[in-house]
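Q: Supplied structure: structure_24.tsv, TSV, C-alpha atoms.
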chain	number	residue	atom	x	y	z
A	1	GLU	CA	-9.13	-21.77	19.67
A	2	ALA	CA	-10.48	-21.45	16.14
A	3	GLY	CA	-9.24	-18.50	14.13
A	4	VAL	CA	-11.12	-15.94	12.10
A	5	ALA	CA	-13.06	-17.63	9.31
A	6	GLN	CA	-13.81	-16.00	5.97
A	7	SER	CA	-15.62	-17.07	2.85
A	8	PRO	CA	-15.40	-17.31	-0.04
A	9	ARG	CA	-11.61	-17.47	-0.41
A	10	TYR	CA	-11.69	-16.34	-4.02
A	11	LYS	CA	-14.23	-14.47	-6.13
A	12	ILE	CA	-14.14	-13.27	-9.73
A	13	ILE	CA	-16.84	-10.90	-10.92
A	14	GLU	CA	-17.38	-8.43	-13.72
A	15	LYS	CA	-17.45	-4.71	-13.07
A	16	ARG	CA	-20.84	-3.36	-12.03
A	17	GLN	CA	-21.79	-6.70	-10.47
A	18	SER	CA	-22.32	-7.09	-6.74
A	19	VAL	CA	-20.45	-9.32	-4.30
A	20	ALA	CA	-20.64	-10.21	-0.62
A	21	PHE	CA	-18.05	-11.51	1.80
A	22	TRP	CA	-18.65	-13.26	5.09
A	23	CYS	CA	-16.62	-13.25	8.31
A	24	ASN	CA	-16.89	-15.21	11.53
A	25	PRO	CA	-14.60	-13.77	14.22
A	26	ILE	CA	-12.85	-15.57	17.04
A	27	SER	CA	-15.35	-16.57	19.69
A	28	GLY	CA	-15.81	-13.88	22.29
A	29	HIS	CA	-14.12	-11.12	20.31
A	30	ALA	CA	-16.29	-8.03	20.50
A	31	THR	CA	-14.41	-5.95	17.96
A	32	LEU	CA	-14.42	-6.81	14.26
A	33	TYR	CA	-12.56	-5.08	11.44
A	34	TRP	CA	-12.70	-5.23	7.66
A	35	TYR	CA	-9.50	-4.26	5.84
A	36	GLN	CA	-8.77	-3.91	2.13
A	37	GLN	CA	-5.32	-5.01	0.96
A	38	ILE	CA	-4.39	-4.01	-2.56
A	39	LEU	CA	-1.56	-6.03	-4.09
A	40	GLY	CA	1.82	-4.79	-2.86
A	41	GLN	CA	0.35	-2.57	-0.14
A	42	GLY	CA	-0.44	-2.80	3.54
A	43	PRO	CA	-4.01	-3.42	4.67
A	44	LYS	CA	-6.26	-0.39	4.99
A	45	LEU	CA	-9.21	-0.29	7.37
A	46	LEU	CA	-12.64	-0.07	5.77
A	47	ILE	CA	-14.87	-0.43	8.83
A	48	GLN	CA	-14.67	-1.32	12.51
A	49	PHE	CA	-17.48	-2.75	14.64
A	50	GLN	CA	-17.73	-2.91	18.41
A	51	ASN	CA	-20.34	-5.60	19.03
A	52	ASN	CA	-22.97	-4.70	16.43
A	53	GLY	CA	-22.27	-0.96	16.37
A	54	VAL	CA	-20.04	0.89	13.90
A	55	VAL	CA	-17.03	2.52	15.54
A	56	ASP	CA	-15.12	3.74	12.48
A	57	ASP	CA	-16.25	3.76	8.85
A	58	SER	CA	-14.43	6.91	7.79
A	59	GLN	CA	-12.54	5.14	4.99
A	60	LEU	CA	-15.46	3.09	3.68
A	61	PRO	CA	-16.63	4.15	0.19
A	62	LYS	CA	-20.23	4.34	1.26
A	63	ASP	CA	-21.61	4.87	-2.22
A	64	ARG	CA	-20.74	1.27	-3.07
A	65	PHE	CA	-19.60	-0.54	0.07
A	66	SER	CA	-21.78	-1.60	2.98
A	67	ALA	CA	-21.24	-3.83	5.99
A	68	GLU	CA	-23.28	-5.18	8.81
A	69	ARG	CA	-22.86	-7.18	11.98
A	70	LEU	CA	-26.41	-7.86	13.00
A	71	LYS	CA	-26.04	-10.01	16.12
A	72	GLY	CA	-22.62	-8.84	17.19
A	73	VAL	CA	-20.92	-11.98	15.85
A	74	ASP	CA	-20.76	-12.69	12.10
A	75	SER	CA	-20.34	-9.88	9.62
A	76	THR	CA	-20.88	-9.37	5.91
A	77	LEU	CA	-19.23	-6.85	3.61
A	78	LYS	CA	-20.95	-6.01	0.33
A	79	ILE	CA	-19.79	-4.17	-2.77
A	80	GLN	CA	-22.42	-2.93	-5.21
A	81	PRO	CA	-21.59	-2.11	-7.95
A	82	ALA	CA	-17.98	-3.30	-8.14
A	83	LYS	CA	-15.28	-1.34	-9.95
A	84	LEU	CA	-12.00	-2.54	-11.38
A	85	GLU	CA	-10.10	-0.78	-8.58
A	86	ASP	CA	-11.91	-2.92	-6.00
A	87	SER	CA	-9.70	-5.85	-6.97
A	88	ALA	CA	-7.94	-6.66	-3.70
A	89	VAL	CA	-7.84	-9.04	-0.77
A	90	TYR	CA	-10.51	-8.31	1.82
A	91	LEU	CA	-9.33	-9.20	5.28
A	92	CYS	CA	-11.45	-9.62	8.36
A	93	ALA	CA	-9.86	-9.29	11.79
A	94	SER	CA	-11.15	-9.49	15.32
A	95	SER	CA	-9.81	-8.47	18.69
A	96	SER	CA	-10.53	-8.46	22.36
A	97	LEU	CA	-8.96	-6.53	25.18
A	98	ARG	CA	-6.07	-8.59	26.54
A	99	ARG	CA	-3.38	-7.23	28.88
A	100	ARG	CA	-4.60	-3.71	28.02
A	101	VAL	CA	-4.05	-4.36	24.33
A	102	HIS	CA	-6.42	-5.05	21.47
A	103	GLU	CA	-4.42	-7.70	19.63
A	104	GLN	CA	-5.92	-8.04	16.17
A	105	TYR	CA	-6.08	-11.48	14.59
A	106	PHE	CA	-6.67	-11.77	10.87
A	107	GLY	CA	-8.51	-14.30	8.76
A	108	PRO	CA	-7.09	-15.70	5.50
A	109	GLY	CA	-8.89	-13.11	3.40
A	110	THR	CA	-11.06	-13.16	0.28
A	111	ARG	CA	-9.25	-12.41	-2.95
A	112	LEU	CA	-11.57	-10.42	-5.24
A	113	THR	CA	-10.83	-9.98	-8.92
A	114	VAL	CA	-13.02	-7.54	-10.84
A	115	THR	CA	-12.78	-7.88	-14.63
B	116	GLN	CA	-0.48	12.45	10.13
B	117	GLN	CA	-1.74	8.91	9.84
B	118	GLN	CA	1.12	7.58	7.73
B	119	VAL	CA	3.55	4.85	8.67
B	120	LYS	CA	6.53	4.66	6.35
B	121	GLN	CA	8.40	1.38	6.02
B	122	SER	CA	11.74	0.50	4.46
B	123	PRO	CA	13.22	-1.28	2.65
B	124	GLN	CA	10.60	-2.49	0.20
B	125	SER	CA	12.52	-5.74	-0.27
B	126	LEU	CA	15.37	-7.39	1.55
B	127	ILE	CA	17.57	-10.38	0.76
B	128	VAL	CA	19.57	-11.96	3.58
B	129	GLN	CA	21.69	-15.05	3.85
B	130	LYS	CA	20.72	-17.80	6.26
B	131	GLY	CA	22.04	-16.99	9.71
B	132	GLY	CA	22.24	-13.27	9.01
B	133	ILE	CA	20.37	-10.40	10.64
B	134	SER	CA	17.33	-8.88	8.93
B	135	ILE	CA	16.49	-5.30	9.82
B	136	ILE	CA	13.30	-3.51	8.79
B	137	ASN	CA	12.62	0.09	9.70
B	138	CYS	CA	9.46	2.12	10.20
B	139	ALA	CA	8.74	5.75	10.93
B	140	TYR	CA	5.46	7.30	12.05
B	141	GLU	CA	4.08	10.81	12.24
B	142	ASN	CA	1.16	10.69	14.63
B	143	THR	CA	2.44	11.15	18.20
B	144	ALA	CA	-0.89	9.81	19.50
B	145	PHE	CA	0.05	6.30	18.38
B	146	ASP	CA	0.78	4.15	21.40
B	147	TYR	CA	0.89	0.59	20.10
B	148	PHE	CA	3.31	-0.70	17.46
B	149	PRO	CA	2.87	-4.30	16.26
B	150	TRP	CA	4.68	-6.19	13.55
B	151	TYR	CA	2.83	-8.65	11.34
B	152	GLN	CA	4.18	-11.47	9.19
B	153	GLN	CA	2.29	-12.48	6.07
B	154	PHE	CA	2.86	-15.54	3.91
B	155	PRO	CA	1.39	-15.74	0.38
B	156	GLY	CA	-2.30	-16.57	0.47
B	157	LYS	CA	-2.56	-16.03	4.21
B	158	GLY	CA	-3.73	-13.22	6.41
B	159	PRO	CA	-1.22	-11.20	8.44
B	160	ALA	CA	-0.17	-12.89	11.69
B	161	LEU	CA	0.84	-10.92	14.77
B	162	LEU	CA	4.53	-11.43	15.39
B	163	ILE	CA	5.56	-9.05	18.16
B	164	ALA	CA	4.41	-5.69	19.48
B	165	ILE	CA	5.69	-2.86	21.65
B	166	ARG	CA	4.29	0.04	23.65
B	167	PRO	CA	6.23	3.35	23.78
B	168	ASP	CA	7.05	3.01	27.48
B	169	VAL	CA	9.90	0.61	26.62
B	170	SER	CA	12.74	0.97	24.13
B	171	GLU	CA	13.20	-2.67	23.26
B	172	LYS	CA	11.26	-5.92	23.32
B	173	LYS	CA	12.63	-9.33	22.47
B	174	GLU	CA	10.80	-12.56	21.75
B	175	GLY	CA	13.01	-15.39	20.59
B	176	ARG	CA	14.86	-14.33	17.45
B	177	PHE	CA	12.66	-11.24	16.98
B	178	THR	CA	13.42	-7.87	18.57
B	179	ILE	CA	11.66	-4.53	18.29
B	180	SER	CA	13.72	-1.40	18.93
B	181	PHE	CA	11.74	1.75	19.60
B	182	ASN	CA	12.94	5.36	19.50
B	183	LYS	CA	10.15	7.62	20.72
B	184	SER	CA	11.97	10.91	20.13
B	185	ALA	CA	12.78	10.01	16.54
B	186	LYS	CA	9.34	8.43	16.01
B	187	GLN	CA	10.97	5.34	14.61
B	188	PHE	CA	10.88	1.65	15.34
B	189	SER	CA	12.52	-1.36	13.79
B	190	LEU	CA	12.30	-5.13	13.64
B	191	HIS	CA	15.44	-7.20	13.93
B	192	ILE	CA	15.38	-10.88	13.01
B	193	MET	CA	18.43	-12.64	14.34
B	194	ASP	CA	19.78	-15.86	12.80
B	195	SER	CA	17.40	-15.46	9.84
B	196	GLN	CA	16.06	-18.71	8.40
B	197	PRO	CA	14.56	-19.58	5.00
B	198	GLY	CA	11.26	-20.14	6.80
B	199	ASP	CA	11.28	-16.46	7.74
B	200	SER	CA	10.85	-15.55	4.06
B	201	ALA	CA	7.59	-13.59	4.03
B	202	THR	CA	6.25	-10.06	3.85
B	203	TYR	CA	6.56	-8.07	7.07
B	204	PHE	CA	4.33	-5.14	7.95
B	205	CYS	CA	4.81	-2.64	10.72
B	206	ALA	CA	1.71	-0.97	12.06
B	207	ALA	CA	0.61	1.59	14.60
B	208	SER	CA	-2.56	2.50	16.42
B	209	LYS	CA	-4.00	4.49	19.27
B	210	GLU	CA	-4.41	1.39	21.33
B	211	THR	CA	-6.33	2.87	24.21
B	212	SER	CA	-9.36	3.02	21.96
B	213	GLY	CA	-8.76	-0.30	20.19
B	214	SER	CA	-8.65	1.70	17.01
B	215	ARG	CA	-7.61	0.88	13.51
B	216	LEU	CA	-4.14	-0.29	12.66
B	217	THR	CA	-2.30	1.96	10.21
B	218	PHE	CA	0.04	-0.28	8.25
B	219	GLY	CA	3.31	0.37	6.50
B	220	GLU	CA	3.72	-0.67	2.89
B	221	GLY	CA	5.44	-3.94	3.71
B	222	THR	CA	8.88	-5.47	3.27
B	223	GLN	CA	9.34	-8.63	1.28
B	224	LEU	CA	12.05	-10.62	3.03
B	225	THR	CA	13.91	-13.43	1.27
B	226	VAL	CA	16.33	-15.55	3.27
B	227	ASN	CA	18.62	-17.56	1.04
B	228	PRO	CA	19.75	-20.99	2.26
Could you write out this file's structure as structure tokens?
A:
Amino acid sequence: EAGVAQSPRYKIIEKRQSVAFWCNPISGHATLYWYQQILGQGPKLLIQFQNNGVVDDSQLPKDRFSAERLKGVDSTLKIQPAKLEDSAVYLCASSSLRRRVHEQYFGPGTRLTVT
Amino acid sequence: QQQVKQSPQSLIVQKGGISIINCAYENTAFDYFPWYQQFPGKGPALLIAIRPDVSEKKEGRFTISFNKSAKQFSLHIMDSQPGDSATYFCAASKETSGSRLTFGEGTQLTVNP
């Protein structure tokens, strides 16, 4: 079974520029998550999708971050305009209900550096 | 009420020793407690998880101990190996809704040969 795919793996941009990240979840996983992991910290949820609907975006900075999952499969996360504090690894995870548990599986992440 | 506190921040263990990482949570609605292992440049990988209806779960060299009344849980790595050197994160969620994982701050484990 293929894992969660993410691209690009690395991105360097200047502040005020825009950037987009792509995620392809594990086949058949209805739930998709985007997490932000700042260096030395645990991941923090930005947004959660169930199929193509948003379940939880309470911690998404909506003035600059947006995400979509148009056909209930792939997802994109966009930052516009980027700030220095957005430098982090952006992790995509997906899950499905298995033995009453939503086990979340993470992709390798996209490391964003904002200069 | 959403915090998960993890300690220690870093841990150095000799090969063959026992590594112990502790976590404490505040939200009593949490009902799913996984541990993730993360190597540099990789995403977190699910290691082992427990539900609050049991006090201990063991998988190979990895054991979770869970104390519901104290709102604490811990990861024990028996016979630690250099290949176990990684960052470990505890997490918690309200699993019935497939909700977000709230992560601890992480423990950087180094196992010396």
Q: Name all residues at most 6 Å from B:Gln153 (count all atoms listed in the file; drop same-chain ones fewer than 3 positions away) and give them as number ranges by chain.
A: B: 159, 201-202
Q: Contacts of B:Pro123 at 12 Å or less, counting all atoms listed in the file, minus same-chain residues fewer than 4 places along, as a PDB file with C-alpha atoms, keeping the file's coordinate frame?
A:
ATOM      1  CA  ILE B 127      17.570 -10.380   0.760  1.00  0.00           C
ATOM      2  CA  SER B 134      17.330  -8.880   8.930  1.00  0.00           C
ATOM      3  CA  ILE B 135      16.490  -5.300   9.820  1.00  0.00           C
ATOM      4  CA  ILE B 136      13.300  -3.510   8.790  1.00  0.00           C
ATOM      5  CA  ASN B 137      12.620   0.090   9.700  1.00  0.00           C
ATOM      6  CA  CYS B 138       9.460   2.120  10.200  1.00  0.00           C
ATOM      7  CA  ALA B 139       8.740   5.750  10.930  1.00  0.00           C
ATOM      8  CA  SER B 189      12.520  -1.360  13.790  1.00  0.00           C
ATOM      9  CA  LEU B 190      12.300  -5.130  13.640  1.00  0.00           C
ATOM     10  CA  THR B 202       6.250 -10.060   3.850  1.00  0.00           C
ATOM     11  CA  TYR B 203       6.560  -8.070   7.070  1.00  0.00           C
ATOM     12  CA  PHE B 204       4.330  -5.140   7.950  1.00  0.00           C
ATOM     13  CA  CYS B 205       4.810  -2.640  10.720  1.00  0.00           C
ATOM     14  CA  GLY B 219       3.310   0.370   6.500  1.00  0.00           C
ATOM     15  CA  GLU B 220       3.720  -0.670   2.890  1.00  0.00           C
ATOM     16  CA  GLY B 221       5.440  -3.940   3.710  1.00  0.00           C
ATOM     17  CA  THR B 222       8.880  -5.470   3.270  1.00  0.00           C
ATOM     18  CA  GLN B 223       9.340  -8.630   1.280  1.00  0.00           C
ATOM     19  CA  LEU B 224      12.050 -10.620   3.030  1.00  0.00           C
TER      20      LEU B 224
END
Q: Counting all atoms listed in the file, which residues in chain B sit no more than 9 Å from chain A? For each one, give the nearest pair of atoms and the distance in Å, sorted by chain then residue number, as JSON lines.
A:
{"residue": "B:Tyr147", "atom": "CA", "partner": "A:Val101", "partner_atom": "CA", "distance": 8.2}
{"residue": "B:Pro149", "atom": "CA", "partner": "A:Glu103", "partner_atom": "CA", "distance": 8.7}
{"residue": "B:Gly156", "atom": "CA", "partner": "A:Pro108", "partner_atom": "CA", "distance": 7.0}
{"residue": "B:Lys157", "atom": "CA", "partner": "A:Pro108", "partner_atom": "CA", "distance": 4.7}
{"residue": "B:Gly158", "atom": "CA", "partner": "A:Pro108", "partner_atom": "CA", "distance": 4.3}
{"residue": "B:Pro159", "atom": "CA", "partner": "A:Phe106", "partner_atom": "CA", "distance": 6.0}
{"residue": "B:Ala160", "atom": "CA", "partner": "A:Phe106", "partner_atom": "CA", "distance": 6.6}
{"residue": "B:Leu161", "atom": "CA", "partner": "A:Tyr105", "partner_atom": "CA", "distance": 6.9}
{"residue": "B:Phe204", "atom": "CA", "partner": "A:Gly42", "partner_atom": "CA", "distance": 6.9}
{"residue": "B:Cys205", "atom": "CA", "partner": "A:Gly42", "partner_atom": "CA", "distance": 8.9}
{"residue": "B:Ala206", "atom": "CA", "partner": "A:Gly42", "partner_atom": "CA", "distance": 9.0}
{"residue": "B:Glu210", "atom": "CA", "partner": "A:Val101", "partner_atom": "CA", "distance": 6.5}
{"residue": "B:Thr211", "atom": "CA", "partner": "A:Val101", "partner_atom": "CA", "distance": 7.6}
{"residue": "B:Ser212", "atom": "CA", "partner": "A:His102", "partner_atom": "CA", "distance": 8.6}
{"residue": "B:Gly213", "atom": "CA", "partner": "A:His102", "partner_atom": "CA", "distance": 5.4}
{"residue": "B:Ser214", "atom": "CA", "partner": "A:Gln48", "partner_atom": "CA", "distance": 8.1}
{"residue": "B:Arg215", "atom": "CA", "partner": "A:Leu45", "partner_atom": "CA", "distance": 6.5}
{"residue": "B:Leu216", "atom": "CA", "partner": "A:Leu45", "partner_atom": "CA", "distance": 7.3}
{"residue": "B:Thr217", "atom": "CA", "partner": "A:Lys44", "partner_atom": "CA", "distance": 7.0}
{"residue": "B:Phe218", "atom": "CA", "partner": "A:Gly42", "partner_atom": "CA", "distance": 5.4}
{"residue": "B:Gly219", "atom": "CA", "partner": "A:Gly42", "partner_atom": "CA", "distance": 5.7}
{"residue": "B:Glu220", "atom": "CA", "partner": "A:Gly42", "partner_atom": "CA", "distance": 4.7}
{"residue": "B:Gly221", "atom": "CA", "partner": "A:Gly42", "partner_atom": "CA", "distance": 6.0}
Q: Could you state the separation of atom CA of A:Ile79 and atom CA of A:Phe65 in Å, given to one decimal place?
A: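 Between atom CA of A:Ile79 and atom CA of A:Phe65 the gap is 4.6 Å.
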Q: Would you mind listing what lies within 8 Å of stretch 163-173 of chain B as a count of residues only, with all atoms listed in the file counted and same-chain residues fewer than 2 positions away left out?
A: 16
Q: Kindly give the distance, in Å, that separates atom CA of A:Cys23 and atom CA of A:Val114, rounded to a single decimal.
A: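 About the pair atom CA of A:Cys23 and atom CA of A:Val114: they are 20.3 Å apart.
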